[in-house]
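One file, run27.cif, carrying mmCIF, C-alpha atoms:
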data_final
#
loop_
_atom_site.group_PDB
_atom_site.id
_atom_site.type_symbol
_atom_site.label_atom_id
_atom_site.label_comp_id
_atom_site.auth_asym_id
_atom_site.auth_seq_id
_atom_site.Cartn_x
_atom_site.Cartn_y
_atom_site.Cartn_z
ATOM 1 C CA MET T 1040 4.008 39.383 -3.579
ATOM 2 C CA ALA T 1041 7.400 40.518 -4.815
ATOM 3 C CA GLU T 1042 9.121 38.991 -1.779
ATOM 4 C CA LEU T 1043 7.324 35.670 -2.260
ATOM 5 C CA GLU T 1044 8.380 35.681 -5.907
ATOM 6 C CA GLU T 1045 11.985 36.410 -4.983
ATOM 7 C CA GLU T 1046 11.960 33.532 -2.492
ATOM 8 C CA GLY T 1047 10.674 31.131 -5.143
ATOM 9 C CA TYR T 1048 7.112 30.644 -3.870
ATOM 10 C CA LEU T 1049 5.342 32.463 -6.720
ATOM 11 C CA TYR T 1050 6.045 33.013 -10.385
ATOM 12 C CA GLN T 1051 4.498 34.889 -13.305
ATOM 13 C CA PRO T 1052 3.837 32.609 -16.322
ATOM 14 C CA HIS T 1053 3.887 35.601 -18.685
ATOM 15 C CA THR T 1054 3.887 39.371 -18.391
ATOM 16 C CA SER T 1055 0.094 39.806 -18.546
ATOM 17 C CA ALA T 1056 -0.631 37.030 -16.051
ATOM 18 C CA GLY T 1057 -0.973 37.169 -12.307
ATOM 19 C CA ARG T 1058 1.334 35.311 -9.938
ATOM 20 C CA VAL T 1059 0.740 31.594 -9.365
ATOM 21 C CA PRO T 1060 2.343 29.259 -6.802
ATOM 22 C CA THR T 1061 5.478 27.326 -7.688
ATOM 23 C CA ALA T 1062 6.087 23.747 -6.547
ATOM 24 C CA ALA T 1063 7.908 25.218 -3.532
ATOM 25 C CA GLY T 1064 4.886 27.411 -2.781
ATOM 26 C CA TYR T 1065 2.515 24.449 -2.890
ATOM 27 C CA ARG T 1066 4.944 22.435 -0.758
ATOM 28 C CA PHE T 1067 5.089 25.125 1.925
ATOM 29 C CA PHE T 1068 1.302 25.408 1.994
ATOM 30 C CA ALA T 1069 0.863 21.629 2.176
ATOM 31 C CA GLN T 1070 3.286 21.415 5.110
ATOM 32 C CA GLN T 1071 1.292 24.013 7.028
ATOM 33 C CA VAL T 1072 -1.957 22.179 6.280
ATOM 34 C CA ALA T 1073 -0.541 18.807 7.335
ATOM 35 C CA ALA T 1074 0.509 20.259 10.693
ATOM 36 C CA GLN T 1075 -2.760 22.015 11.574
ATOM 37 C CA ALA T 1076 -5.812 20.849 9.594
ATOM 38 C CA THR T 1077 -8.500 18.369 10.632
ATOM 39 C CA LEU T 1078 -11.081 16.593 8.502
ATOM 40 C CA SER T 1079 -14.632 17.892 8.740
ATOM 41 C CA PRO T 1080 -17.136 15.857 10.806
ATOM 42 C CA GLU T 1081 -19.242 15.355 7.650
ATOM 43 C CA ASP T 1082 -16.321 13.801 5.771
ATOM 44 C CA GLN T 1083 -15.403 11.658 8.770
ATOM 45 C CA SER T 1084 -18.937 10.308 9.037
ATOM 46 C CA TRP T 1085 -19.144 9.614 5.311
ATOM 47 C CA ILE T 1086 -15.794 7.789 5.201
ATOM 48 C CA ARG T 1087 -16.631 5.609 8.194
ATOM 49 C CA GLY T 1088 -19.993 4.752 6.653
ATOM 50 C CA GLU T 1089 -18.408 3.787 3.332
ATOM 51 C CA LEU T 1090 -15.825 1.517 4.947
ATOM 52 C CA ALA T 1091 -18.272 0.005 7.443
ATOM 53 C CA SER T 1092 -20.605 -1.160 4.680
ATOM 54 C CA ALA T 1093 -17.896 -3.371 3.134
ATOM 55 C CA THR T 1094 -17.838 -7.045 4.134
ATOM 56 C CA THR T 1095 -14.430 -8.237 2.863
ATOM 57 C CA THR T 1096 -10.913 -6.857 2.819
ATOM 58 C CA ASP T 1097 -11.063 -6.428 -0.961
ATOM 59 C CA GLU T 1098 -14.312 -4.455 -0.636
ATOM 60 C CA VAL T 1099 -12.834 -2.257 2.095
ATOM 61 C CA THR T 1100 -9.826 -1.600 -0.127
ATOM 62 C CA GLU T 1101 -11.977 -0.649 -3.108
ATOM 63 C CA ARG T 1102 -14.158 1.637 -0.950
ATOM 64 C CA ALA T 1103 -11.091 3.338 0.511
ATOM 65 C CA GLY T 1104 -9.758 4.064 -2.979
ATOM 66 C CA HIS T 1105 -13.153 5.384 -4.070
ATOM 67 C CA VAL T 1106 -13.408 7.665 -1.028
ATOM 68 C CA LEU T 1107 -9.971 9.168 -1.649
ATOM 69 C CA ALA T 1108 -10.733 9.720 -5.321
ATOM 70 C CA GLU T 1109 -14.041 11.435 -4.562
ATOM 71 C CA ILE T 1110 -12.603 13.736 -1.913
ATOM 72 C CA SER T 1111 -9.446 14.719 -3.778
ATOM 73 C CA ARG T 1112 -10.846 14.705 -7.334
ATOM 74 C CA GLY T 1113 -7.622 12.863 -8.156
ATOM 75 C CA LEU T 1114 -6.596 9.227 -8.017
ATOM 76 C CA GLY T 1115 -7.300 7.219 -4.900
ATOM 77 C CA ILE T 1116 -4.579 4.564 -4.603
ATOM 78 C CA ILE T 1117 -4.241 1.612 -2.216
ATOM 79 C CA VAL T 1118 -1.124 -0.578 -2.300
ATOM 80 C CA SER T 1119 -1.283 -3.948 -0.572
ATOM 81 C CA PRO T 1120 1.664 -5.246 1.474
ATOM 82 C CA PRO T 1121 4.289 -7.543 -0.070
ATOM 83 C CA ILE T 1122 3.811 -11.242 0.642
ATOM 84 C CA ALA T 1123 6.452 -11.119 3.405
ATOM 85 C CA LYS T 1124 4.276 -8.671 5.351
ATOM 86 C CA THR T 1125 1.015 -10.568 4.820
ATOM 87 C CA VAL T 1126 -0.647 -11.408 8.133
ATOM 88 C CA LEU T 1127 -1.430 -15.113 8.136
ATOM 89 C CA GLU T 1128 -4.954 -16.349 8.783
ATOM 90 C CA HIS T 1129 -4.516 -19.691 7.050
ATOM 91 C CA ILE T 1130 -1.868 -21.301 4.866
ATOM 92 C CA ARG T 1131 -2.068 -24.273 2.550
ATOM 93 C CA PHE T 1132 0.503 -26.063 0.400
ATOM 94 C CA VAL T 1133 -0.448 -27.963 -2.759
ATOM 95 C CA LEU T 1134 2.010 -30.253 -4.568
ATOM 96 C CA LEU T 1135 2.066 -30.019 -8.364
ATOM 97 C CA PRO T 1136 2.949 -33.025 -10.561
ATOM 98 C CA ASP T 1137 6.335 -31.546 -11.514
ATOM 99 C CA GLY T 1138 7.409 -31.104 -7.878
ATOM 100 C CA ARG T 1139 6.652 -27.408 -7.581
ATOM 101 C CA VAL T 1140 4.532 -26.240 -4.648
ATOM 102 C CA VAL T 1141 1.618 -23.808 -4.689
ATOM 103 C CA ILE T 1142 1.535 -21.743 -1.494
ATOM 104 C CA VAL T 1143 -1.916 -20.335 -0.772
ATOM 105 C CA LEU T 1144 -1.990 -17.596 1.879
ATOM 106 C CA VAL T 1145 -5.270 -16.400 3.339
ATOM 107 C CA SER T 1146 -4.752 -13.122 5.158
ATOM 108 C CA THR T 1147 -6.859 -10.835 7.310
ATOM 109 C CA GLY T 1148 -10.455 -10.572 6.165
ATOM 110 C CA GLY T 1149 -10.169 -13.486 3.737
ATOM 111 C CA ALA T 1150 -7.889 -11.921 1.099
ATOM 112 C CA THR T 1151 -6.028 -14.675 -0.782
ATOM 113 C CA ARG T 1152 -2.509 -14.589 -2.213
ATOM 114 C CA ASP T 1153 -0.772 -17.483 -3.931
ATOM 115 C CA LYS T 1154 2.738 -18.197 -5.116
ATOM 116 C CA ILE T 1155 4.359 -21.144 -6.913
ATOM 117 C CA ILE T 1156 7.872 -22.114 -5.820
ATOM 118 C CA ARG T 1157 10.298 -24.908 -6.657
ATOM 119 C CA PRO T 1158 11.765 -26.061 -3.322
ATOM 120 C CA GLU T 1159 15.284 -27.434 -3.111
ATOM 121 C CA ARG T 1160 14.119 -30.804 -1.802
ATOM 122 C CA ALA T 1161 11.266 -33.002 -2.986
ATOM 123 C CA PHE T 1162 8.085 -32.894 -0.887
ATOM 124 C CA THR T 1163 5.148 -35.251 -0.689
ATOM 125 C CA GLN T 1164 1.637 -33.967 -0.122
ATOM 126 C CA PRO T 1165 1.579 -35.483 3.409
ATOM 127 C CA ASP T 1166 4.814 -33.544 4.164
ATOM 128 C CA LEU T 1167 3.136 -30.348 3.001
ATOM 129 C CA ASP T 1168 -0.066 -31.053 4.943
ATOM 130 C CA ARG T 1169 1.931 -31.660 8.124
ATOM 131 C CA THR T 1170 3.896 -28.430 7.691
ATOM 132 C CA GLY T 1171 0.747 -26.434 6.950
ATOM 133 C CA GLU T 1172 -1.014 -27.848 10.019
ATOM 134 C CA TYR T 1173 1.953 -26.863 12.195
ATOM 135 C CA LEU T 1174 2.018 -23.298 10.859
ATOM 136 C CA ASN T 1175 -1.754 -22.857 11.167
ATOM 137 C CA ARG T 1176 -1.686 -24.121 14.737
ATOM 138 C CA HIS T 1177 1.126 -21.848 15.935
ATOM 139 C CA TYR T 1178 1.288 -18.755 13.748
ATOM 140 C CA VAL T 1179 -2.148 -17.398 12.892
ATOM 141 C CA GLY T 1180 -2.004 -13.589 13.171
ATOM 142 C CA SER T 1181 1.722 -13.363 12.372
ATOM 143 C CA THR T 1182 3.489 -12.113 9.258
ATOM 144 C CA LEU T 1183 5.781 -14.399 7.283
ATOM 145 C CA GLU T 1184 8.724 -12.252 8.418
ATOM 146 C CA ALA T 1185 7.815 -12.873 12.068
ATOM 147 C CA ILE T 1186 7.150 -16.566 11.429
ATOM 148 C CA ARG T 1187 10.567 -17.048 9.868
ATOM 149 C CA ALA T 1188 12.326 -15.249 12.734
ATOM 150 C CA ASP T 1189 10.581 -17.454 15.318
ATOM 151 C CA LEU T 1190 11.290 -20.645 13.374
ATOM 152 C CA LEU T 1191 14.987 -19.782 13.194
ATOM 153 C CA SER T 1192 14.998 -19.164 16.943
ATOM 154 C CA ARG T 1193 13.289 -22.491 17.666
ATOM 155 C CA LEU T 1194 15.680 -24.357 15.395
ATOM 156 C CA ALA T 1195 18.686 -22.804 17.107
ATOM 157 C CA GLN T 1196 17.389 -23.678 20.583
ATOM 158 C CA GLU T 1197 15.948 -27.156 20.050
ATOM 159 C CA GLN T 1198 17.236 -28.512 16.749
ATOM 160 C CA GLU T 1199 16.612 -32.167 17.583
ATOM 161 C CA ARG T 1200 13.000 -31.567 18.610
ATOM 162 C CA TYR T 1201 12.032 -29.230 15.793
ATOM 163 C CA GLY T 1202 14.563 -30.281 13.144
ATOM 164 C CA LEU T 1203 12.827 -31.585 10.007
ATOM 165 C CA LEU T 1204 9.439 -29.910 10.508
ATOM 166 C CA VAL T 1205 10.920 -26.477 11.135
ATOM 167 C CA ARG T 1206 13.384 -26.808 8.265
ATOM 168 C CA ASP T 1207 10.490 -27.664 5.948
ATOM 169 C CA ALA T 1208 8.532 -24.654 7.194
ATOM 170 C CA LEU T 1209 11.547 -22.396 6.697
ATOM 171 C CA ALA T 1210 12.027 -23.675 3.149
ATOM 172 C CA LEU T 1211 8.386 -23.103 2.243
ATOM 173 C CA CYS T 1212 7.915 -19.740 3.990
ATOM 174 C CA ASP T 1213 11.034 -17.852 2.995
ATOM 175 C CA PRO T 1214 9.863 -14.234 2.419
ATOM 176 C CA GLY T 1215 12.795 -13.590 0.097
ATOM 177 C CA VAL T 1216 11.695 -16.434 -2.174
ATOM 178 C CA LEU T 1217 7.990 -15.668 -1.941
ATOM 179 C CA ASP T 1218 8.400 -11.969 -2.763
ATOM 180 C CA GLN T 1219 10.837 -12.608 -5.615
ATOM 181 C CA GLY T 1220 9.089 -11.715 -8.855
ATOM 182 C CA SER T 1221 5.817 -10.984 -7.066
ATOM 183 C CA THR T 1222 3.795 -7.883 -7.777
ATOM 184 C CA GLN T 1223 2.014 -6.104 -4.983
ATOM 185 C CA ARG T 1224 -1.649 -5.502 -5.572
ATOM 186 C CA ILE T 1225 -2.638 -1.940 -6.330
ATOM 187 C CA TYR T 1226 -6.116 -0.462 -6.507
ATOM 188 C CA VAL T 1227 -6.582 2.761 -8.450
ATOM 189 C CA GLU T 1228 -9.840 4.715 -8.481
ATOM 190 C CA GLY T 1229 -10.734 8.017 -10.142
ATOM 191 C CA ALA T 1230 -8.745 8.060 -13.390
ATOM 192 C CA ALA T 1231 -11.756 8.966 -15.524
ATOM 193 C CA GLN T 1232 -12.947 11.819 -13.328
ATOM 194 C CA MET T 1233 -9.462 13.290 -12.960
ATOM 195 C CA ALA T 1234 -8.966 13.208 -16.727
ATOM 196 C CA ALA T 1235 -12.370 14.789 -17.326
ATOM 197 C CA THR T 1236 -12.119 17.633 -14.841
ATOM 198 C CA GLU T 1237 -8.517 18.639 -14.290
ATOM 199 C CA PHE T 1238 -6.567 18.591 -17.546
ATOM 200 C CA THR T 1239 -7.107 20.821 -20.542
ATOM 201 C CA ASP T 1240 -3.656 20.151 -22.027
ATOM 202 C CA GLN T 1241 -4.066 16.904 -23.997
ATOM 203 C CA ALA T 1242 -0.342 16.139 -24.074
ATOM 204 C CA GLN T 1243 -0.183 16.469 -20.292
ATOM 205 C CA LEU T 1244 -3.274 14.269 -19.965
ATOM 206 C CA ARG T 1245 -1.677 11.539 -22.094
ATOM 207 C CA GLU T 1246 1.411 11.640 -19.879
ATOM 208 C CA VAL T 1247 -0.685 11.211 -16.740
ATOM 209 C CA LEU T 1248 -2.737 8.347 -18.183
ATOM 210 C CA ALA T 1249 0.454 6.615 -19.312
ATOM 211 C CA ALA T 1250 1.840 6.935 -15.782
ATOM 212 C CA ILE T 1251 -1.327 5.389 -14.359
ATOM 213 C CA GLU T 1252 -0.938 2.403 -16.693
ATOM 214 C CA GLU T 1253 2.592 1.797 -15.399
ATOM 215 C CA LYS T 1254 1.347 0.624 -12.035
ATOM 216 C CA HIS T 1255 4.725 -0.680 -10.942
ATOM 217 C CA LYS T 1256 5.863 2.947 -10.760
ATOM 218 C CA LEU T 1257 2.919 3.855 -8.531
ATOM 219 C CA ILE T 1258 3.722 0.877 -6.299
ATOM 220 C CA ALA T 1259 7.354 1.970 -5.991
ATOM 221 C CA LEU T 1260 6.325 5.538 -5.154
ATOM 222 C CA LEU T 1261 3.888 4.539 -2.438
ATOM 223 C CA ALA T 1262 5.884 1.636 -1.042
ATOM 224 C CA GLY T 1263 8.751 4.040 -0.442
ATOM 225 C CA CYS T 1264 6.524 6.103 1.850
ATOM 226 C CA ILE T 1265 5.768 3.306 4.346
ATOM 227 C CA ASP T 1266 8.881 3.835 6.457
ATOM 228 C CA THR T 1267 8.873 7.634 6.478
ATOM 229 C CA PRO T 1268 8.709 9.193 9.976
ATOM 230 C CA ASP T 1269 5.823 11.523 9.099
ATOM 231 C CA PRO T 1270 2.256 10.196 9.463
ATOM 232 C CA VAL T 1271 1.411 11.801 6.104
ATOM 233 C CA HIS T 1272 3.926 12.143 3.293
ATOM 234 C CA VAL T 1273 3.451 15.003 0.807
ATOM 235 C CA GLN T 1274 5.447 15.164 -2.422
ATOM 236 C CA ILE T 1275 4.946 18.129 -4.750
ATOM 237 C CA GLY T 1276 6.302 17.343 -8.190
ATOM 238 C CA VAL T 1277 6.447 13.559 -8.322
ATOM 239 C CA LYS T 1278 9.726 11.991 -9.357
ATOM 240 C CA GLY T 1279 9.679 8.524 -10.852
ATOM 241 C CA ILE T 1280 6.898 9.043 -13.384
ATOM 242 C CA ASP T 1281 8.593 11.663 -15.547
ATOM 243 C CA PRO T 1282 7.624 13.747 -17.367
ATOM 244 C CA ALA T 1283 4.025 13.632 -16.100
ATOM 245 C CA GLY T 1284 5.097 13.829 -12.455
ATOM 246 C CA GLU T 1285 6.256 17.409 -12.848
ATOM 247 C CA HIS T 1286 2.598 18.481 -12.820
ATOM 248 C CA LEU T 1287 1.424 16.198 -9.990
ATOM 249 C CA ALA T 1288 1.302 15.960 -6.207
ATOM 250 C CA LEU T 1289 1.359 12.770 -4.143
ATOM 251 C CA ILE T 1290 -0.098 12.512 -0.638
ATOM 252 C CA SER T 1291 0.259 9.185 1.161
ATOM 253 C CA ALA T 1292 0.105 7.502 4.542
ATOM 254 C CA PRO T 1293 0.818 3.940 5.707
ATOM 255 C CA TYR T 1294 -1.877 1.684 7.118
ATOM 256 C CA SER T 1295 -1.285 -1.111 9.612
ATOM 257 C CA PHE T 1296 -2.682 -4.294 11.073
ATOM 258 C CA GLN T 1297 -2.169 -4.877 14.789
ATOM 259 C CA ASP T 1298 0.488 -2.141 14.821
ATOM 260 C CA GLN T 1299 2.463 -3.746 11.982
ATOM 261 C CA SER T 1300 2.940 -1.620 8.855
ATOM 262 C CA GLN T 1301 1.155 -3.213 5.934
ATOM 263 C CA GLY T 1302 0.598 -1.079 2.838
ATOM 264 C CA THR T 1303 -0.095 2.480 1.795
ATOM 265 C CA VAL T 1304 -3.078 4.639 0.939
ATOM 266 C CA GLY T 1305 -2.635 7.744 -1.143
ATOM 267 C CA VAL T 1306 -3.862 10.399 -3.509
ATOM 268 C CA LEU T 1307 -2.182 11.348 -6.767
ATOM 269 C CA GLY T 1308 -3.551 14.458 -8.405
ATOM 270 C CA PRO T 1309 -2.785 17.789 -10.073
ATOM 271 C CA MET T 1310 -0.456 20.093 -8.196
ATOM 272 C CA ARG T 1311 -3.368 22.489 -7.790
ATOM 273 C CA MET T 1312 -5.656 20.531 -5.497
ATOM 274 C CA HIS T 1313 -7.622 21.098 -2.283
ATOM 275 C CA TYR T 1314 -4.692 20.196 -0.012
ATOM 276 C CA GLU T 1315 -6.468 20.660 3.294
ATOM 277 C CA ARG T 1316 -9.210 18.186 2.424
ATOM 278 C CA ALA T 1317 -6.903 15.746 0.602
ATOM 279 C CA ILE T 1318 -4.238 15.595 3.336
ATOM 280 C CA THR T 1319 -6.703 15.178 6.183
ATOM 281 C CA ALA T 1320 -8.682 12.597 4.195
ATOM 282 C CA VAL T 1321 -5.583 10.483 3.481
ATOM 283 C CA ALA T 1322 -4.600 10.522 7.163
ATOM 284 C CA PHE T 1323 -8.137 9.673 8.271
ATOM 285 C CA VAL T 1324 -8.604 6.884 5.708
ATOM 286 C CA ALA T 1325 -5.272 5.315 6.744
ATOM 287 C CA ARG T 1326 -6.414 5.230 10.391
ATOM 288 C CA ALA T 1327 -9.934 4.051 9.566
ATOM 289 C CA PHE T 1328 -8.599 1.387 7.197
ATOM 290 C CA SER T 1329 -6.244 0.107 9.919
ATOM 291 C CA GLU T 1330 -9.105 -0.002 12.443
ATOM 292 C CA THR T 1331 -11.297 -1.909 9.983
ATOM 293 C CA LEU T 1332 -8.549 -4.494 9.392
ATOM 294 C CA ASP T 1333 -8.016 -4.905 13.145
ATOM 295 C CA ARG T 1334 -11.719 -5.671 13.604
ATOM 296 C CA SER T 1335 -11.942 -8.136 10.713
#
Now that the file is in, can you turn its structure into structure tokens?
Amino acid sequence: MAELEEEGYLYQPHTSAGRVPTAAGYRFFAQQVAAQATLSPEDQSWIRGELASATTTDEVTERAGHVLAEISRGLGIIVSPPIAKTVLEHIRFVLLPDGRVVIVLVSTGGATRDKIIRPERAFTQPDLDRTGEYLNRHYVGSTLEAIRADLLSRLAQEQERYGLLVRDALALCDPGVLDQGSTQRIYVEGAAQMAATEFTDQAQLREVLAAIEEKHKLIALLAGCIDTPDPVHVQIGVKGIDPAGEHLALISAPYSFQDQSQGTVGVLGPMRMHYERAITAVAFVARAFSETLDRS
């Protein structure tokens, strides 16, 4: 015990108290769990059943958040992909009277995203219908990033053949424009139960609830985990939502569609949590969520 305390893994809150883990101690334990643990067959069966009973992408997302909240007794969080990474199932353009264009994107499983842009050139509705028909015919199942890359390639190779139509498509499907000012969707489950069961310090509870309200911070935290090399990312002591984050742990994993990274699933809870169950559940839900999207 003395050696662990000297190495920074345990500390004594006051002289009459026993030793408790530090953030470094929890981090070391979580790393060992992430490398070796597996989710119980009962939890696996329950999670698959919950996700299988959903009929739309939004329902699957809500169920995934609920599952993570129940298992971790913390927050279950699902962050959708930015518009640029949305996998196209159907696209439609609608001209507004003032010349702006509404872009309606229907992605995997019927989830709908829309964005209003003001293009550099004036479009007519027939122009927009023709461009939408072209994109729907050639690019279903692709992300806007991939669509734009292919359009640029086509334009470079056969500018005369593809000229105006491809230029229109590029103007209307620019991921940089579509994502500008957009907010990714975030689903949060479990705030009430975490507040009721885990926090006795009211000041600390208010900090946590305030952090939950600032959803853009949660999005930034989880979005930053998509490109990490580890299948599950564990952060003990969460930066970015100070001062509440000092008392919290974040466990997250990316989910995908057809091997393309999409969004993130995660758990945000007190530093003292059941790490084995939470880490294995996050990893399993990310895989199961990806499989469900691939089948939809």
Report task. Could you state which residues are captured by the PyMOL selection byres ((chain T and resi 1306) around 12) in this file, as a PyMOL selection string? Result -> chain T and resi 1103-1118+1226-1230+1233+1257+1260-1261+1271-1275+1277+1287-1292+1303-1305+1307-1310+1312-1314+1316-1322+1324-1325
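Distance-wise, atom CA of Val1179 of chain T and atom CA of Phe1162 of chain T end up 23.1 Å apart.
Between atom CA of Ala1327 of chain T and atom CA of Asp1082 of chain T lies a distance of 12.3 Å.
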**Report entry** All residues 9 Å or closer to Leu1090 of chain T, only C-alpha atoms, same chain fewer than 2 positions away omitted, as a list of chain:residue names
**Finding:** T:Trp1085, T:Ile1086, T:Arg1087, T:Gly1088, T:Ser1092, T:Ala1093, T:Thr1094, T:Glu1098, T:Val1099, T:Thr1100, T:Arg1102, T:Ala1103, T:Val1106, T:Ala1327, T:Phe1328, T:Thr1331
Requested in this report: For the file shown, report as a ChimeraX atom specification the outcome of the PyMOL selection byres ((chain T and resi 1190-1197) around 12) at residue level.
Outcome: /T:1173-1174,1177-1178,1183-1189,1198-1213
Query - Distance of atom CA of Tyr1294 of chain T from atom CA of Arg1224 of chain T, expressed in Å to one decimal place - result: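 It comes out at 14.6 Å.
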Query - Chain and number of each residue from the PyMOL selection byres ((chain T and resi 1164) around 10), as a PyMOL selection string - result: chain T and resi 1132-1135+1140+1162-1163+1165-1170
How about saving the chosen residues, C-alpha atoms kept, as an mmCIF file, in the coordinates of the input?
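Resulting contents of result08.cif:
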data_model
loop_
_atom_site.group_PDB
_atom_site.id
_atom_site.type_symbol
_atom_site.label_atom_id
_atom_site.label_comp_id
_atom_site.auth_asym_id
_atom_site.auth_seq_id
_atom_site.Cartn_x
_atom_site.Cartn_y
_atom_site.Cartn_z
ATOM 1 C CA PHE T 1132 0.503 -26.063 0.400
ATOM 2 C CA VAL T 1133 -0.448 -27.963 -2.759
ATOM 3 C CA LEU T 1134 2.010 -30.253 -4.568
ATOM 4 C CA LEU T 1135 2.066 -30.019 -8.364
ATOM 5 C CA VAL T 1140 4.532 -26.240 -4.648
ATOM 6 C CA PHE T 1162 8.085 -32.894 -0.887
ATOM 7 C CA THR T 1163 5.148 -35.251 -0.689
ATOM 8 C CA PRO T 1165 1.579 -35.483 3.409
ATOM 9 C CA ASP T 1166 4.814 -33.544 4.164
ATOM 10 C CA LEU T 1167 3.136 -30.348 3.001
ATOM 11 C CA ASP T 1168 -0.066 -31.053 4.943
ATOM 12 C CA ARG T 1169 1.931 -31.660 8.124
ATOM 13 C CA THR T 1170 3.896 -28.430 7.691
#
**Report entry** For Leu1332 of chain T, the nearest of the candidates T:Thr1182, T:Ser1119, T:Thr1151, T:Thr1096, counting all atoms listed in the file
**Finding:** T:Thr1096
Report summary line: If you count only C-alpha atoms, the residue of T:His1129, T:Arg1311, T:Lys1154, T:Arg1326 closest to Val1141 of chain T turns out to be T:Lys1154
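Minimum distance to Pro1080 of chain T across T:Arg1131, T:Gln1301, T:Phe1323, T:Ser1329 (counting all atoms listed in the file) occurs at T:Phe1323.
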Query raised in the report: Which of these, T:Ala1123, T:Ala1091, T:Leu1144, T:Leu1248, has the shortest distance to Ala1231 of chain T once you count all atoms listed in the file?
Result: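 Residue with the minimum atom-to-atom distance to Ala1231 of chain T: T:Leu1248.
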Requested in this report: Could you check which of T:Val1247, T:Ser1079, T:Gly1302, T:Ile1142 is closest to Gly1171 of chain T, using only C-alpha atoms?
Outcome: T:Ile1142
Query raised in the report: Using all atoms listed in the file, which residue out of T:Glu1159, T:Gln1232, T:Gly1180, T:Asn1175 lies closest to Ser1146 of chain T?
Result: T:Gly1180
